[in-house]
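One file, entry-v3.pdb, carrying PDB, C-alpha atoms, pLDDT in the B column:
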```
MODEL        1
ATOM      1  CA  MET J   1     -35.139 -44.486   6.644  1.00 69.00           C
ATOM      2  CA  ASN J   2     -37.051 -42.910   9.394  1.00 90.00           C
ATOM      3  CA  ARG J   3     -37.594 -39.280  10.238  1.00 89.00           C
ATOM      4  CA  GLU J   4     -34.653 -39.038  12.686  1.00 90.00           C
ATOM      5  CA  ALA J   5     -32.226 -40.410  10.108  1.00 90.00           C
ATOM      6  CA  TYR J   6     -33.419 -37.873   7.530  1.00 91.00           C
ATOM      7  CA  LEU J   7     -33.042 -35.038  10.036  1.00 92.00           C
ATOM      8  CA  ALA J   8     -29.549 -36.229  10.970  1.00 92.00           C
ATOM      9  CA  GLU J   9     -28.540 -36.443   7.307  1.00 93.00           C
ATOM     10  CA  LEU J  10     -30.051 -33.004   6.676  1.00 93.00           C
ATOM     11  CA  ASP J  11     -28.085 -31.579   9.624  1.00 93.00           C
ATOM     12  CA  LEU J  12     -24.832 -33.103   8.328  1.00 94.00           C
ATOM     13  CA  SER J  13     -25.490 -31.707   4.857  1.00 94.00           C
ATOM     14  CA  ARG J  14     -26.260 -28.256   6.270  1.00 95.00           C
ATOM     15  CA  ARG J  15     -22.998 -28.255   8.257  1.00 95.00           C
ATOM     16  CA  ALA J  16     -21.012 -29.349   5.197  1.00 94.00           C
ATOM     17  CA  ILE J  17     -22.543 -26.553   3.120  1.00 94.00           C
ATOM     18  CA  GLN J  18     -21.735 -24.010   5.849  1.00 95.00           C
ATOM     19  CA  ARG J  19     -18.104 -25.217   5.960  1.00 94.00           C
ATOM     20  CA  ASP J  20     -17.842 -25.010   2.167  1.00 93.00           C
ATOM     21  CA  LEU J  21     -19.365 -21.531   2.169  1.00 94.00           C
ATOM     22  CA  ALA J  22     -16.870 -20.370   4.810  1.00 93.00           C
ATOM     23  CA  VAL J  23     -13.978 -21.711   2.699  1.00 92.00           C
ATOM     24  CA  VAL J  24     -15.283 -19.992  -0.442  1.00 92.00           C
ATOM     25  CA  LYS J  25     -15.734 -16.690   1.422  1.00 91.00           C
ATOM     26  CA  ALA J  26     -12.172 -16.929   2.772  1.00 89.00           C
ATOM     27  CA  ASP J  27     -10.829 -17.691  -0.705  1.00 88.00           C
ATOM     28  CA  LEU J  28     -12.630 -14.703  -2.219  1.00 90.00           C
ATOM     29  CA  ASP J  29     -11.607 -12.206   0.475  1.00 88.00           C
ATOM     30  CA  PHE J  30      -8.992 -10.449  -1.655  1.00 88.00           C
ATOM     31  CA  PRO J  31      -8.796  -7.224   0.415  1.00 87.00           C
ATOM     32  CA  GLY J  32      -8.200  -9.302   3.532  1.00 87.00           C
ATOM     33  CA  LYS J  33      -5.538 -11.344   1.775  1.00 88.00           C
ATOM     34  CA  ILE J  34      -3.781  -8.174   0.627  1.00 87.00           C
ATOM     35  CA  ARG J  35      -3.908  -6.666   4.136  1.00 87.00           C
ATOM     36  CA  GLU J  36      -2.457  -9.844   5.624  1.00 88.00           C
ATOM     37  CA  SER J  37       0.258  -9.932   2.969  1.00 86.00           C
ATOM     38  CA  LEU J  38       1.130  -6.296   3.716  1.00 85.00           C
ATOM     39  CA  ARG J  39       1.439  -7.134   7.424  1.00 87.00           C
ATOM     40  CA  THR J  40       3.577 -10.217   6.916  1.00 89.00           C
ATOM     41  CA  GLN J  41       5.744  -9.079   3.977  1.00 87.00           C
ATOM     42  CA  PRO J  42       6.095  -5.268   3.974  1.00 84.00           C
ATOM     43  CA  VAL J  43       9.572  -5.300   2.398  1.00 85.00           C
ATOM     44  CA  VAL J  44       8.342  -7.188  -0.645  1.00 85.00           C
ATOM     45  CA  TRP J  45       5.521  -4.663  -1.122  1.00 85.00           C
ATOM     46  CA  LEU J  46       7.927  -1.710  -0.756  1.00 86.00           C
ATOM     47  CA  VAL J  47      10.345  -3.159  -3.292  1.00 85.00           C
ATOM     48  CA  GLY J  48       7.454  -3.857  -5.638  1.00 86.00           C
ATOM     49  CA  ALA J  49       6.131  -0.309  -5.272  1.00 86.00           C
ATOM     50  CA  GLY J  50       9.590   1.097  -5.966  1.00 85.00           C
ATOM     51  CA  ALA J  51      10.059  -1.142  -8.984  1.00 86.00           C
ATOM     52  CA  LEU J  52       6.654  -0.137 -10.322  1.00 85.00           C
ATOM     53  CA  GLY J  53       7.567   3.531  -9.850  1.00 83.00           C
ATOM     54  CA  LEU J  54      10.792   3.012 -11.777  1.00 83.00           C
ATOM     55  CA  VAL J  55       8.995   1.158 -14.568  1.00 83.00           C
ATOM     56  CA  ILE J  56       6.434   3.935 -14.866  1.00 82.00           C
ATOM     57  CA  ALA J  57       9.116   6.633 -14.738  1.00 81.00           C
ATOM     58  CA  PHE J  58      11.368   5.036 -17.341  1.00 80.00           C
ATOM     59  CA  ARG J  59       8.787   3.496 -19.673  1.00 78.00           C
ATOM     60  CA  PRO J  60       9.633   3.922 -23.333  1.00 74.00           C
ATOM     61  CA  ARG J  61       7.822   6.752 -25.007  1.00 70.00           C
ATOM     62  CA  ARG J  62       7.001   7.246 -28.652  1.00 65.00           C
ATOM     63  CA  ARG J  63       9.484   9.508 -30.347  1.00 60.00           C
ATOM     64  CA  ALA J  64       8.197  12.653 -31.932  1.00 55.00           C
ATOM     65  CA  VAL J  65       9.616  14.262 -35.052  1.00 52.00           C
ATOM     66  CA  GLY J  66      11.495  16.987 -33.158  1.00 51.00           C
ATOM     67  CA  VAL J  67      13.253  14.678 -30.682  1.00 52.00           C
ATOM     68  CA  ARG J  68      16.696  15.042 -32.253  1.00 54.00           C
ATOM     69  CA  LEU J  69      16.539  18.782 -31.884  1.00 51.00           C
ATOM     70  CA  VAL J  70      15.588  18.444 -28.201  1.00 51.00           C
ATOM     71  CA  GLN J  71      18.409  15.960 -27.589  1.00 51.00           C
ATOM     72  CA  LYS J  72      20.934  18.391 -29.052  1.00 54.00           C
ATOM     73  CA  THR J  73      19.752  21.167 -26.772  1.00 53.00           C
ATOM     74  CA  GLY J  74      20.057  19.018 -23.630  1.00 51.00           C
ATOM     75  CA  ALA J  75      16.413  19.063 -22.542  1.00 50.00           C
ATOM     76  CA  VAL J  76      16.373  15.240 -22.311  1.00 50.00           C
ATOM     77  CA  GLU J  77      18.708  15.209 -19.299  1.00 51.00           C
ATOM     78  CA  GLY J  78      16.246  17.360 -17.362  1.00 49.00           C
ATOM     79  CA  ALA J  79      13.418  14.949 -18.204  1.00 52.00           C
ATOM     80  CA  LYS J  80      15.466  11.975 -16.995  1.00 57.00           C
ATOM     81  CA  SER J  81      16.273  13.636 -13.685  1.00 59.00           C
ATOM     82  CA  GLY J  82      12.566  14.386 -13.262  1.00 66.00           C
ATOM     83  CA  ALA J  83      11.783  10.700 -13.792  1.00 70.00           C
ATOM     84  CA  VAL J  84      14.340   9.712 -11.158  1.00 74.00           C
ATOM     85  CA  GLY J  85      12.790  12.219  -8.779  1.00 76.00           C
ATOM     86  CA  ALA J  86       9.328  10.758  -9.404  1.00 78.00           C
ATOM     87  CA  ALA J  87      10.606   7.252  -8.698  1.00 79.00           C
ATOM     88  CA  ALA J  88      12.313   8.419  -5.512  1.00 81.00           C
ATOM     89  CA  LEU J  89       9.128  10.173  -4.424  1.00 82.00           C
ATOM     90  CA  THR J  90       7.130   6.977  -5.029  1.00 83.00           C
ATOM     91  CA  ILE J  91       9.530   4.971  -2.885  1.00 84.00           C
ATOM     92  CA  LEU J  92       9.524   7.646  -0.172  1.00 83.00           C
ATOM     93  CA  VAL J  93       5.719   7.701   0.005  1.00 82.00           C
ATOM     94  CA  ALA J  94       5.605   3.893   0.222  1.00 83.00           C
ATOM     95  CA  VAL J  95       8.164   3.872   3.056  1.00 82.00           C
ATOM     96  CA  ILE J  96       6.325   6.600   4.966  1.00 81.00           C
ATOM     97  CA  LYS J  97       2.993   4.781   4.593  1.00 81.00           C
ATOM     98  CA  ALA J  98       4.544   1.556   5.868  1.00 80.00           C
ATOM     99  CA  ALA J  99       6.298   3.246   8.795  1.00 80.00           C
ATOM    100  CA  MET J 100       3.385   5.472   9.850  1.00 80.00           C
ATOM    101  CA  PRO J 101       1.762   3.023  12.317  1.00 80.00           C
ATOM    102  CA  ALA J 102       5.053   2.765  14.207  1.00 79.00           C
ATOM    103  CA  LEU J 103       5.831   6.498  14.000  1.00 78.00           C
ATOM    104  CA  GLN J 104       2.370   7.816  14.874  1.00 80.00           C
ATOM    105  CA  PRO J 105       2.739   7.553  18.688  1.00 81.00           C
ATOM    106  CA  VAL J 106       6.132   9.263  18.558  1.00 80.00           C
ATOM    107  CA  ILE J 107       4.814  12.072  16.362  1.00 81.00           C
ATOM    108  CA  LEU J 108       1.743  12.590  18.530  1.00 81.00           C
ATOM    109  CA  SER J 109       3.725  12.680  21.787  1.00 84.00           C
ATOM    110  CA  GLY J 110       6.209  15.148  20.286  1.00 81.00           C
ATOM    111  CA  ALA J 111       3.404  17.331  18.991  1.00 81.00           C
ATOM    112  CA  SER J 112       1.630  17.309  22.359  1.00 83.00           C
ATOM    113  CA  LYS J 113       4.883  18.307  24.101  1.00 83.00           C
ATOM    114  CA  LEU J 114       5.345  21.187  21.655  1.00 80.00           C
ATOM    115  CA  VAL J 115       1.762  22.340  22.187  1.00 81.00           C
ATOM    116  CA  ALA J 116       2.220  22.189  25.959  1.00 81.00           C
ATOM    117  CA  LEU J 117       5.495  24.112  25.724  1.00 80.00           C
ATOM    118  CA  PHE J 118       3.916  26.716  23.439  1.00 75.00           C
ATOM    119  CA  SER J 119       0.896  27.129  25.719  1.00 77.00           C
ATOM    120  CA  LYS J 120       3.181  27.640  28.743  1.00 75.00           C
ATOM    121  CA  LYS J 121       5.161  30.317  26.900  1.00 69.00           C
ATOM    122  CA  LYS J 122       1.961  31.961  25.678  1.00 64.00           C
ATOM    123  CA  GLY J 123       0.480  31.962  29.190  1.00 61.00           C
ATOM    124  CA  SER J 124       3.602  33.474  30.815  1.00 57.00           C
ATOM    125  CA  ARG J 125       3.376  36.729  28.788  1.00 53.00           C
TER     126      ARG J 125
ENDMDL
END
```
Show me this structure written as structure tokens.
Amino acid sequence: MNREAYLAELDLSRRAIQRDLAVVKADLDFPGKIRESLRTQPVVWLVGAGALGLVIAFRPRRRAVGVRLVQKTGAVEGAKSGAVGAAALTILVAVIKAAMPALQPVILSGASKLVALFSKKKGSR
């Protein structure tokens, strides 16, 4: 082989390595994959977040010695309603976070109108 053939083969090898490196970088870009998945499938992520909140809220706990006494007094019902409230709060936060990009312009325009209205009232005194 002559020098030109070696340089051509070297160039082809370099391009192949660059392509392989780009593929590996794309495969290892987990934050980018998660962002893309959130954009394309927000409902799945919301349902998953809600399910995780419910699992965390209702996970089985180890029973203590005095549990029977607490159950007779009715304190367990209050704990269960607190767990439901925590799960509902988790779902609400997930929904608000998902809807915020769409709601932000509406909120900002409403806030600017209120500020303008308040400044007009303040200036008329």
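Across the structure, CA of Ala49 in chain J and CA of Pro105 in chain J are spaced 25.4 Å apart.
CA of Ala88 in chain J is positioned 8.1 Å from CA of Gly53 in chain J.
Interatomic distance, CA of Leu38 in chain J against CA of Val84 in chain J: 25.5 Å.
Within a radius of 10 Å around (9.2, -0.5, -0.6), the polymer residues are Pro42, Val43, Val44, Trp45, Leu46, Val47, Gly48, Ala49, Gly50, Ala51, Thr90, Ile91, Leu92, Val93, Ala94, Val95, Ile96, Lys97 and Ala98 of chain J, counting all atoms listed in the file.
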Which of J:Leu54, J:Asp27, J:Arg35, J:Asn2 sits closest to Gly85 in chain J [using all atoms listed in the file]: J:Leu54
Might I get the box with edges along x, y and z of the file that holds all atoms of range 9-15 of chain J listed there, padded by 4 Å on every side, given as centre and edge lengths in Å to one decimal, as lines of an AutoDock Vina configuration file?
```
center_x = -26.5
center_y = -32.3
center_z = 7.2
size_x = 15.1
size_y = 16.2
size_z = 12.8
```
